[in-house]
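Colleague: Here you go, this is input-v2.txt (compact mmCIF, C-alpha atoms).
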```txt
# COMPACT_ATOMS: atom_id res chain seq x y z
CA MET A 1 32.97 8.31 26.43
CA LEU A 2 35.34 6.43 24.16
CA LEU A 3 33.65 3.19 25.18
CA GLY A 4 30.23 4.63 24.37
CA VAL A 5 31.31 5.56 20.86
CA GLY A 6 34.07 3.05 20.20
CA LEU A 7 32.21 -0.14 21.04
CA PRO A 8 29.24 0.43 18.69
CA LEU A 9 31.62 1.61 15.98
CA VAL A 10 33.83 -1.45 16.34
CA LEU A 11 30.73 -3.65 16.15
CA VAL A 12 29.52 -1.96 12.96
CA VAL A 13 32.95 -2.14 11.33
CA ALA A 14 33.26 -5.80 12.32
CA VAL A 15 29.89 -6.70 10.78
CA VAL A 16 30.63 -4.80 7.55
CA ALA A 17 34.10 -6.35 7.33
CA ALA A 18 32.63 -9.81 7.87
CA LEU A 19 30.10 -9.29 5.07
CA VAL A 20 32.78 -8.11 2.66
CA ILE A 21 35.20 -10.90 3.58
CA VAL A 22 32.55 -13.59 3.14
CA LYS A 23 31.58 -12.10 -0.21
CA VAL A 24 35.15 -11.89 -1.44
CA ALA A 25 35.79 -15.45 -0.28
CA ALA A 26 32.70 -16.64 -2.14
CA GLY A 27 33.72 -14.85 -5.32
CA ALA A 28 32.44 -11.74 -7.02
CA GLY A 29 29.05 -11.66 -8.72
CA SER A 30 29.27 -13.60 -11.95
CA PRO A 31 26.89 -13.45 -14.91
CA LYS A 32 24.09 -15.98 -15.16
CA SER A 33 22.52 -17.52 -18.25
CA GLY A 34 19.10 -16.47 -19.45
CA PRO A 35 16.65 -18.67 -21.35
CA THR A 36 17.96 -20.15 -24.58
CA ALA A 37 16.57 -18.35 -27.62
CA SER A 38 13.84 -20.07 -29.57
CA ALA A 39 11.60 -19.25 -32.51
CA ALA A 40 9.17 -16.48 -31.61
CA ALA A 41 5.53 -17.48 -31.36
CA GLY A 42 3.57 -16.76 -34.52
CA SER A 43 1.05 -14.65 -32.64
CA VAL A 44 3.83 -12.52 -31.14
CA VAL A 45 5.47 -11.97 -34.50
CA ALA A 46 2.12 -11.11 -36.08
CA GLN A 47 1.31 -8.51 -33.43
CA VAL A 48 4.75 -6.92 -33.46
CA THR A 49 5.03 -6.70 -37.23
CA SER A 50 1.56 -5.31 -37.79
CA VAL A 51 0.85 -2.72 -35.12
CA PRO A 52 -2.18 -0.81 -36.42
CA ALA A 53 -1.29 2.53 -38.02
CA SER A 54 -4.07 4.15 -36.02
CA VAL A 55 -2.34 3.11 -32.78
CA LEU A 56 1.05 4.38 -33.94
CA ASN A 57 -0.57 7.66 -34.99
CA GLU A 58 -2.26 8.07 -31.64
CA VAL A 59 0.91 7.33 -29.66
CA GLY A 60 3.17 9.73 -31.58
CA VAL A 61 6.50 9.84 -29.74
CA GLY A 62 4.84 8.49 -26.61
CA VAL A 63 7.24 8.37 -23.67
CA ALA A 64 10.43 7.73 -25.62
CA THR A 65 13.11 9.49 -23.63
CA THR A 66 15.95 9.46 -26.14
CA LYS A 67 15.73 10.46 -29.79
CA PRO A 68 18.04 9.21 -32.54
CA THR A 69 21.02 11.56 -32.78
CA LYS A 70 21.68 13.23 -36.10
CA ILE A 71 25.26 12.88 -37.29
CA THR A 72 27.32 14.06 -40.21
CA ALA A 73 28.91 11.04 -41.85
CA PRO A 74 29.14 9.37 -45.24
CA ALA A 75 25.87 7.76 -46.34
CA LEU A 76 25.66 4.16 -45.20
CA THR A 77 24.47 2.05 -48.12
CA ALA A 78 24.42 -1.52 -49.43
CA ASP A 79 23.92 -2.25 -53.11
CA GLY A 80 22.70 1.28 -53.62
CA GLU A 81 20.08 1.06 -50.89
CA PRO A 82 20.24 2.95 -47.63
CA ARG A 83 21.44 0.69 -44.87
CA VAL A 84 20.55 0.30 -41.19
CA VAL A 85 23.00 -1.48 -38.91
CA TYR A 86 22.10 -2.82 -35.48
CA VAL A 87 24.68 -4.19 -33.02
CA GLY A 88 23.44 -5.66 -29.77
CA ALA A 89 23.61 -8.74 -27.57
CA GLU A 90 21.03 -11.12 -26.21
CA TYR A 91 22.06 -10.69 -22.56
CA CYS A 92 21.77 -6.89 -22.79
CA PRO A 93 18.59 -5.47 -21.19
CA TYR A 94 18.74 -2.21 -23.13
CA CYS A 95 18.99 -4.16 -26.39
CA ALA A 96 15.99 -6.18 -25.20
CA ALA A 97 13.96 -3.00 -24.94
CA GLU A 98 15.15 -1.44 -28.20
CA ARG A 99 14.56 -4.58 -30.29
CA TRP A 100 10.79 -4.35 -29.82
CA ALA A 101 10.74 -0.85 -31.27
CA MET A 102 13.18 -1.79 -34.02
CA ALA A 103 10.97 -4.70 -35.06
CA VAL A 104 7.84 -2.52 -35.09
CA ALA A 105 9.55 0.24 -37.10
CA LEU A 106 11.34 -1.96 -39.65
CA SER A 107 8.17 -3.96 -40.27
CA ARG A 108 6.72 -0.81 -41.84
CA PHE A 109 9.41 -0.96 -44.53
CA GLY A 110 9.82 -4.69 -45.08
CA THR A 111 9.35 -8.19 -43.76
CA PHE A 112 11.11 -10.18 -41.06
CA THR A 113 11.45 -13.93 -41.12
CA GLY A 114 12.94 -16.16 -38.44
CA LEU A 115 12.61 -13.78 -35.51
CA GLY A 116 13.47 -15.47 -32.24
CA GLU A 117 12.49 -14.78 -28.69
CA THR A 118 14.57 -14.79 -25.54
CA ALA A 119 15.20 -12.67 -22.44
CA SER A 120 18.01 -10.54 -21.12
CA SER A 121 20.39 -11.80 -18.46
CA PRO A 122 18.86 -12.68 -15.09
CA SER A 123 21.95 -11.26 -13.37
CA ASP A 124 22.08 -7.87 -15.06
CA VAL A 125 20.06 -4.71 -14.55
CA TYR A 126 16.38 -5.09 -15.57
CA PRO A 127 16.78 -8.87 -15.28
CA ASN A 128 14.93 -11.29 -17.57
CA THR A 129 13.50 -8.60 -19.83
CA ALA A 130 11.42 -10.48 -22.39
CA THR A 131 12.44 -9.70 -25.93
CA LEU A 132 12.92 -10.84 -29.49
CA THR A 133 16.30 -11.69 -30.97
CA PHE A 134 17.59 -10.79 -34.42
CA HIS A 135 20.08 -13.67 -34.35
CA GLY A 136 19.19 -15.99 -37.19
CA ALA A 137 16.48 -13.69 -38.53
CA SER A 138 16.44 -12.20 -42.01
CA TYR A 139 14.85 -9.07 -43.35
CA ALA A 140 13.72 -8.13 -46.85
CA SER A 141 12.73 -4.66 -48.02
CA THR A 142 12.54 -2.74 -51.28
CA TYR A 143 13.43 0.45 -49.43
CA LEU A 144 16.46 -0.38 -47.33
CA SER A 145 18.99 -2.97 -46.22
CA PHE A 146 19.10 -4.07 -42.59
CA THR A 147 22.03 -5.78 -40.90
CA ALA A 148 21.57 -7.04 -37.34
CA ARG A 149 24.30 -8.57 -35.26
CA GLU A 150 23.83 -9.98 -31.78
CA ILE A 151 27.47 -10.17 -30.79
CA GLN A 152 26.91 -12.19 -27.60
CA SER A 153 24.23 -14.60 -26.45
CA ASN A 154 22.69 -14.71 -22.98
CA GLN A 155 24.39 -18.02 -22.24
CA VAL A 156 27.35 -17.96 -19.88
CA VAL A 157 30.37 -19.99 -20.93
CA ASN A 158 33.51 -19.91 -18.81
CA GLY A 159 32.20 -16.96 -16.83
CA ALA A 160 31.29 -14.75 -19.79
CA TYR A 161 28.45 -14.44 -22.27
CA ALA A 162 29.22 -16.59 -25.28
CA PRO A 163 30.06 -14.89 -28.57
CA LEU A 164 27.30 -15.12 -31.16
CA ASP A 165 27.34 -13.09 -34.38
CA THR A 166 30.52 -11.67 -35.82
CA LEU A 167 30.79 -8.20 -37.26
CA SER A 168 32.26 -7.86 -40.74
CA ALA A 169 35.44 -5.83 -40.92
CA VAL A 170 33.47 -2.92 -42.39
CA ASP A 171 30.84 -3.05 -39.66
CA GLN A 172 33.49 -3.41 -36.98
CA ALA A 173 35.16 -0.27 -38.28
CA LEU A 174 31.78 1.47 -38.33
CA PHE A 175 31.07 0.34 -34.76
CA THR A 176 34.48 1.45 -33.54
CA LYS A 177 34.37 4.86 -35.20
CA TYR A 178 30.80 5.95 -34.61
CA ASN A 179 30.06 4.23 -31.32
CA ALA A 180 32.42 6.54 -29.46
CA PRO A 181 32.64 10.23 -28.58
CA PRO A 182 31.96 12.68 -30.13
CA TYR A 183 29.22 10.68 -31.87
CA THR A 184 27.99 8.98 -28.68
CA ASP A 185 28.38 9.70 -24.98
CA SER A 186 30.56 6.66 -24.34
CA ALA A 187 32.44 4.14 -26.45
CA GLY A 188 31.21 0.64 -27.15
CA SER A 189 27.70 0.87 -25.71
CA ILE A 190 25.03 -1.45 -27.00
CA PRO A 191 22.59 -1.41 -28.57
CA PHE A 192 24.21 0.64 -31.30
CA ILE A 193 22.12 1.50 -34.33
CA ASP A 194 23.36 3.43 -37.35
CA ILE A 195 20.54 4.61 -39.58
CA GLY A 196 22.02 5.27 -43.00
CA GLY A 197 24.91 7.27 -41.61
CA ARG A 198 22.40 10.00 -40.73
CA TYR A 199 21.18 9.02 -37.28
CA LEU A 200 22.63 7.04 -34.38
CA ILE A 201 21.00 5.36 -31.43
CA SER A 202 23.22 4.31 -28.54
CA GLY A 203 21.47 2.62 -25.64
CA SER A 204 17.76 2.17 -25.26
CA SER A 205 15.35 4.95 -26.15
CA TYR A 206 13.10 4.19 -23.19
CA SER A 207 13.47 2.55 -19.83
CA PRO A 208 13.34 -1.27 -19.90
CA GLN A 209 11.52 -0.94 -16.58
CA VAL A 210 8.23 -0.73 -18.48
CA LEU A 211 8.74 -4.30 -19.69
CA GLN A 212 9.61 -5.79 -16.30
CA GLY A 213 7.64 -8.89 -15.40
CA LYS A 214 5.94 -9.06 -18.79
CA THR A 215 6.07 -11.98 -21.20
CA GLN A 216 6.57 -11.67 -24.95
CA THR A 217 2.88 -12.40 -25.41
CA GLN A 218 1.85 -9.64 -23.01
CA ILE A 219 4.22 -7.12 -24.54
CA ALA A 220 3.16 -7.91 -28.10
CA ALA A 221 -0.51 -7.65 -27.15
CA ALA A 222 0.02 -4.31 -25.39
CA LEU A 223 1.49 -2.74 -28.54
CA ALA A 224 -2.00 -2.40 -29.99
CA ASP A 225 -3.35 -0.52 -26.97
CA PRO A 226 -2.36 3.14 -27.36
CA ASN A 227 -3.09 3.77 -23.69
CA SER A 228 -0.74 1.09 -22.38
CA ALA A 229 2.59 2.11 -20.93
CA ILE A 230 4.29 -0.43 -23.18
CA ALA A 231 2.75 1.03 -26.36
CA LYS A 232 3.70 4.55 -25.31
CA ALA A 233 7.30 3.43 -24.89
CA VAL A 234 7.73 0.91 -27.70
CA ASP A 235 5.44 2.44 -30.34
CA GLY A 236 6.68 5.94 -29.50
CA THR A 237 10.26 4.80 -30.03
CA ALA A 238 9.22 2.95 -33.19
CA ASN A 239 7.80 6.17 -34.61
CA LEU A 240 11.07 7.99 -33.90
CA ILE A 241 13.06 5.20 -35.58
CA THR A 242 10.61 5.21 -38.48
CA ALA A 243 11.00 8.98 -38.86
CA ALA A 244 14.78 8.59 -38.96
CA ILE A 245 14.53 5.81 -41.54
CA CYS A 246 12.19 7.95 -43.66
CA GLN A 247 15.02 10.49 -43.85
CA ILE A 248 17.19 7.95 -45.67
CA THR A 249 14.48 6.46 -47.90
CA ASN A 250 13.52 9.87 -49.25
CA GLY A 251 10.18 9.67 -47.53
CA GLN A 252 9.25 6.28 -48.94
CA PRO A 253 6.85 4.64 -48.53
CA GLY A 254 4.69 7.75 -48.40
CA ALA A 255 1.86 6.03 -46.52
CA VAL A 256 4.28 5.40 -43.66
CA CYS A 257 6.40 8.54 -43.79
CA GLN A 258 3.42 10.88 -44.14
CA SER A 259 1.39 9.21 -41.41
CA PRO A 260 0.52 11.53 -38.52
CA GLY A 261 2.54 9.53 -35.97
CA VAL A 262 5.67 9.69 -38.10
CA VAL A 263 5.13 13.36 -38.95
CA THR A 264 4.96 14.06 -35.21
CA ALA A 265 8.11 12.03 -34.65
CA THR A 266 9.90 13.80 -37.51
CA ALA A 267 9.12 17.13 -35.90
CA ALA A 268 10.52 15.83 -32.62
CA LEU A 269 13.64 14.56 -34.40
CA THR A 270 14.40 17.92 -35.91
CA ALA A 271 13.36 19.99 -32.89
CA MET B 272 38.01 17.19 29.01
CA PRO B 273 34.45 18.55 29.15
CA VAL B 274 33.02 19.71 25.84
CA GLN B 275 30.98 22.77 25.26
CA ASP B 276 27.39 21.88 26.01
CA PRO B 277 24.72 23.06 23.54
CA ALA B 278 22.23 22.66 26.34
CA ASP B 279 23.78 25.72 27.87
CA GLY B 280 22.31 27.75 25.05
CA GLN B 281 25.64 28.21 23.33
CA ARG B 282 26.71 27.15 19.83
CA PRO B 283 26.86 23.39 19.20
CA ASP B 284 30.35 21.89 19.08
CA ARG B 285 32.12 20.51 16.02
CA ALA B 286 30.47 17.08 16.30
CA GLY B 287 27.03 18.71 16.21
CA ILE B 288 27.89 20.63 13.05
CA THR B 289 29.47 17.55 11.49
CA SER B 290 26.33 15.52 12.15
CA LEU B 291 24.29 18.17 10.35
CA CYS B 292 26.68 18.00 7.39
CA PHE B 293 26.35 14.19 7.17
CA ALA B 294 22.56 14.37 7.44
CA SER B 295 22.30 17.11 4.80
CA LEU B 296 24.58 15.26 2.39
CA GLY B 297 22.62 12.05 2.93
CA LEU B 298 19.41 13.96 2.30
CA ALA B 299 20.75 15.44 -0.95
CA ILE B 300 21.87 12.05 -2.29
CA SER B 301 18.57 10.48 -1.26
CA ILE B 302 16.70 13.17 -3.19
CA TYR B 303 18.78 12.38 -6.27
CA LEU B 304 18.15 8.64 -5.95
CA THR B 305 14.43 9.21 -5.41
CA VAL B 306 14.17 11.41 -8.48
CA GLU B 307 16.09 8.84 -10.54
CA HIS B 308 13.77 6.13 -9.23
CA TYR B 309 10.61 7.92 -10.30
CA ILE B 310 11.77 9.12 -13.72
CA GLY B 311 12.97 5.58 -14.47
CA SER B 312 16.28 6.95 -15.64
CA THR B 313 18.65 4.62 -17.44
CA ALA B 314 21.48 7.09 -16.97
CA LEU B 315 22.26 7.08 -13.27
CA ALA B 316 25.63 8.82 -13.04
CA CYS B 317 27.63 5.81 -11.94
CA PRO B 318 30.48 3.75 -13.36
CA GLU B 319 29.47 0.27 -14.46
CA ASN B 320 31.45 -2.96 -14.22
CA ALA B 321 31.08 -6.46 -12.84
CA ALA B 322 31.07 -5.30 -9.22
CA ILE B 323 29.68 -1.75 -9.44
CA ASN B 324 26.31 -1.18 -11.07
CA CYS B 325 23.97 1.41 -9.58
CA ALA B 326 21.07 0.72 -11.91
CA LYS B 327 21.25 -3.01 -11.22
CA VAL B 328 20.84 -2.29 -7.52
CA THR B 329 18.26 0.47 -7.76
CA THR B 330 16.06 -1.49 -10.17
CA SER B 331 16.30 -4.83 -8.37
CA SER B 332 13.49 -6.32 -6.32
CA TRP B 333 15.61 -5.44 -3.26
CA SER B 334 15.21 -1.75 -4.00
CA ARG B 335 11.84 -1.85 -2.24
CA LEU B 336 10.97 -2.62 1.33
CA GLY B 337 7.36 -3.35 2.13
CA GLY B 338 6.44 -2.00 -1.29
CA ILE B 339 8.13 1.34 -0.61
CA PRO B 340 11.20 2.28 -2.65
CA VAL B 341 14.31 2.23 -0.44
CA ALA B 342 15.26 5.60 -1.97
CA VAL B 343 12.07 7.09 -0.54
CA LEU B 344 12.72 5.49 2.85
CA GLY B 345 16.21 7.01 2.77
CA LEU B 346 14.78 10.39 1.88
CA ALA B 347 12.32 10.25 4.78
CA TYR B 348 15.04 9.01 7.15
CA PHE B 349 17.49 11.78 6.33
CA ALA B 350 14.75 14.42 6.38
CA VAL B 351 13.89 13.42 9.94
CA MET B 352 17.53 13.05 11.00
CA THR B 353 18.38 16.46 9.56
CA LEU B 354 15.69 17.98 11.74
CA LEU B 355 17.01 16.06 14.74
CA VAL B 356 20.56 17.35 14.36
CA LEU B 357 19.74 20.98 13.73
CA PRO B 358 21.46 23.20 16.33
CA SER B 359 18.10 23.99 17.88
CA ALA B 360 17.29 20.27 18.17
CA TRP B 361 20.65 19.50 19.76
CA ARG B 362 19.73 21.89 22.57
CA ARG B 363 16.88 19.56 23.55
CA HIS B 364 18.30 16.79 25.76
CA LEU B 365 14.99 14.97 25.58
CA LEU B 366 15.72 14.17 21.94
CA ASP B 367 19.01 12.40 22.73
CA PRO B 368 17.46 8.90 22.93
CA VAL B 369 15.53 9.55 19.70
CA ARG B 370 18.69 10.68 17.90
CA VAL B 371 20.70 7.69 19.10
CA ALA B 372 17.89 5.30 18.23
CA GLY B 373 17.59 6.89 14.78
CA ALA B 374 21.31 6.61 14.18
CA ALA B 375 21.33 2.98 15.29
CA ALA B 376 18.31 2.17 13.13
CA GLY B 377 20.08 3.79 10.18
CA MET B 378 23.16 1.63 10.73
CA ALA B 379 21.03 -1.50 11.00
CA MET B 380 19.42 -0.60 7.69
CA VAL B 381 22.84 0.00 6.12
CA ILE B 382 24.01 -3.45 7.17
CA TYR B 383 20.84 -5.01 5.76
CA LEU B 384 21.18 -3.15 2.45
CA LEU B 385 24.87 -3.98 2.20
CA TRP B 386 24.01 -7.64 2.70
CA ALA B 387 21.34 -7.40 -0.02
CA GLU B 388 23.77 -5.72 -2.44
CA LEU B 389 26.55 -8.23 -1.83
CA PHE B 390 24.59 -11.46 -1.54
CA ARG B 391 21.31 -10.93 -3.35
CA VAL B 392 21.83 -8.36 -6.11
CA GLY B 393 25.49 -9.10 -6.71
CA ALA B 394 26.50 -5.50 -7.31
CA ILE B 395 27.40 -2.40 -5.37
CA CYS B 396 25.74 0.95 -5.99
CA LEU B 397 28.18 3.80 -5.42
CA TRP B 398 25.43 6.33 -4.68
CA CYS B 399 23.99 3.94 -2.11
CA THR B 400 27.47 3.51 -0.63
CA ALA B 401 27.74 7.27 -0.33
CA VAL B 402 24.47 7.26 1.59
CA HIS B 403 25.80 4.45 3.78
CA VAL B 404 28.92 6.46 4.56
CA CYS B 405 26.73 9.43 5.52
CA THR B 406 24.72 7.16 7.79
CA LEU B 407 27.90 5.86 9.42
CA GLY B 408 29.20 9.40 9.85
CA LEU B 409 25.89 10.42 11.37
CA PHE B 410 25.97 7.42 13.68
CA VAL B 411 29.48 8.19 14.94
CA THR B 412 28.96 11.92 15.39
CA ILE B 413 25.63 11.50 17.17
CA LEU B 414 27.10 8.94 19.55
CA TRP B 415 30.17 11.09 20.08
CA HIS B 416 28.23 14.26 20.70
CA THR B 417 25.70 12.56 22.97
CA ALA B 418 28.41 10.79 24.96
CA ALA B 419 30.47 13.98 25.24
CA ARG B 420 27.49 15.89 26.47
CA SER B 421 26.66 13.22 29.04
CA THR B 422 30.24 13.32 30.26
CA ALA B 423 30.10 17.10 30.49
CA THR B 424 26.82 16.95 32.39
CA GLY B 425 28.30 14.33 34.74
CA HIS B 426 31.31 16.55 35.42
CA SER B 427 29.02 19.44 36.07
CA ARG B 428 26.97 17.42 38.53
CA VAL B 429 30.09 16.23 40.36
CA LYS B 430 31.36 19.76 40.59
CA GLY B 431 27.98 21.04 41.74
```
Go ahead and express the file in the form of structure tokens.

Modeller:
Amino acid sequence: MLLGVGLPLVLVVAVVAALVIVKVAAGAGSPKSGPTASAAAGSVVAQVTSVPASVLNEVGVGVATTKPTKITAPALTADGEPRVVYVGAEYCPYCAAERWAMAVALSRFGTFTGLGETASSPSDVYPNTATLTFHGASYASTYLSFTAREIQSNQVVNGAYAPLDTLSAVDQALFTKYNAPPYTDSAGSIPFIDIGGRYLISGSSYSPQVLQGKTQTQIAAALADPNSAIAKAVDGTANLITAAICQITNGQPGAVCQSPGVVTATAALTA
Amino acid sequence: MPVQDPADGQRPDRAGITSLCFASLGLAISIYLTVEHYIGSTALACPENAAINCAKVTTSSWSRLGGIPVAVLGLAYFAVMTLLVLPSAWRRHLLDPVRVAGAAAGMAMVIYLLWAELFRVGAICLWCTAVHVCTLGLFVTILWHTAARSTATGHSRVKG
């Protein structure tokens, strides 16, 4: 009886041990570089920064799974304007997803220049998620100030993703204090977005799965189709972010903050 | 030493009960992984570091086999195996080859998935590992119980 049980068990253990030993000998899984960031195509930027209001209104909150979290903290401002701070990284797949919605939402309050495009790490979860990058981009608005920092690229140097943007001391303190419990579920997650000291987003608001296998061009084009899964995720999240931003701009601009899609999102935010 | 034989219409021995526990636990974890797969959750309850990353495994191209999510295959596997190791099923000797074949097929799948995790995905999923341990436990207990019963039957025949 022992032979009948022992022999197959020894075989299984031997095979598993061999797999593990070979893997350990070959070295643990190391990160891999994604595509180098480049200037985003004009057509992509145009579609992302001008999603029709009718589409945003029809989508409402769409399939966004996580809402911005309301917090009690000092108002976050810059030169008297409410301030939005984004901290992410180019290799990060959740940042890749959230950036699309951030770009759609912020474009309703101001203008981006120099947006880049890249993809998340090919060796991380949701590999090669096509996205924009805020590294090197600038943003102008009469309603708010926006600071974006991509703290690491998607390029591997000496076994780790290379550092990219640096946080100012003030933003580092903000990141350390508010990107940790009790404000967020876990410390240090990215993307981290602080909306005027009133709302926080930690992680992506929808699953990056919806973007898998899509190019920037395909994603940007899908944003204008309210029935597409991508629009329901990205535009829905954008409406939630817009609703949170409207809370810090005192409802300005009215055409945006009083639009049906944002009103729906505002109700969801406060529910 | 002969073991108590469920075929005699009595209660199954400890190995039979243990196999049911492994199958039920595997079924429960498979249900969780299947639900997570279909809701596209980004919050699989799993620690995350360079070597352990559940989401990286469960969202990789290796999380499907023949177009079917591996989580669903696991769910179907453990549902069938749970039925096969119920006390009433253990009383049917005719099912012994099916049980052993199922347990062996499960172990073969575990080795394949472990290979995929280690050499293709580059990460280990703890929930998947828990399922693999259940499969191994099921494999051992089914072999043990089947072999013990064969031995007991052999003794009985010799005595008869």

Colleague: Could you pull the residues within 12 Å of A:Gly251, counting all atoms listed in the file, minus those fewer than 3 positions along the same chain, as an NGL selection string?

Modeller: :A and (109 or 143-144 or 242-248 or 254-259 or 262-263 or 266)

Colleague: One decimal, in Å: what's the spacing between atom CA of A:Ala37 and atom CA of A:Arg149?

Modeller: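 Computed distance, atom CA of A:Ala37 to atom CA of A:Arg149, equals 14.6 Å.
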
Colleague: Residues of chain B within 8 Å of chain A, using only C-alpha atoms, as a list in words?

Modeller: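 Listed by rising number, the hits are Gly311, Ser312, Thr313, Ala321, Ala322, Asn324, Ala326, Lys327, Val328, Thr330, Ser331, Met378, Ile382, Leu385, Trp386, Leu389, Phe390, Val392, Gly393, Ala394, Val411, Leu414, Trp415, Ala418, Ala419 and Thr422 of chain B.
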
Colleague: Skip B:Thr329 itself and residues of its chain fewer than 4 positions away, then list as JSON, numbers by chain all residues within 9 Å of it, counting all atoms listed in the file.

Modeller: {"A": [125], "B": [304, 308, 324, 325, 333, 334, 335, 340, 341, 342, 396, 399]}

Colleague: Since we have the selection now, will you write its residues out, keeping C-alpha atoms, as a CSV table (one decimal), in the frame of the given file?

Modeller:
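Okay, this is what ended up in again_26.csv:
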```csv
chain,number,residue,atom,x,y,z
A,125,VAL,CA,20.1,-4.7,-14.6
B,304,LEU,CA,18.2,8.6,-6.0
B,308,HIS,CA,13.8,6.1,-9.2
B,324,ASN,CA,26.3,-1.2,-11.1
B,325,CYS,CA,24.0,1.4,-9.6
B,333,TRP,CA,15.6,-5.4,-3.3
B,334,SER,CA,15.2,-1.8,-4.0
B,335,ARG,CA,11.8,-1.8,-2.2
B,340,PRO,CA,11.2,2.3,-2.6
B,341,VAL,CA,14.3,2.2,-0.4
B,342,ALA,CA,15.3,5.6,-2.0
B,396,CYS,CA,25.7,1.0,-6.0
B,399,CYS,CA,24.0,3.9,-2.1
```

Colleague: What does the distance between atom CA of B:Leu296 and atom CA of B:Leu366 come to in Å, to one decimal place?

Modeller: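 Distance reported for this atom pair: 21.5 Å.
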
Colleague: Please identify all polymer residues within 12 Å of stretch 58-61 of chain A, counting all atoms listed in the file, omitting same-chain residues fewer than 4 positions from it, and present them as a PyMOL selection string.

Modeller: chain A and resi 51-54+65-68+101+205-206+223-243+259-269

Colleague: When you draw a straight line from atom CA of B:His403 to atom CA of A:Val10, how long is it in Å?

Modeller: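 Computed distance, atom CA of B:His403 to atom CA of A:Val10, equals 16.0 Å.
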
Colleague: Could you check the closest approach to B:Trp398 for each of B:Leu298, B:Ala372, B:Val351, B:Cys317 and tell me which residue wins, using all atoms listed in the file?

Modeller: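 With all atoms listed in the file as the atom set, the closest residue is B:Cys317.
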
Colleague: Would you be able to write out as a list in words which residues have an atom within 10 Å of (23.6, 16.4, 5.3) in the file's coordinates, counting only C-alpha atoms?

Modeller: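 Checking each residue against the 10 Å limit leaves Ile288, Thr289, Ser290, Leu291, Cys292, Phe293, Ala294, Ser295, Leu296, Gly297, Leu298, Ala299, Ile300, Phe349, Ala350, Met352, Thr353, Val356, Val402, Cys405, Thr406 and Leu409 of chain B.
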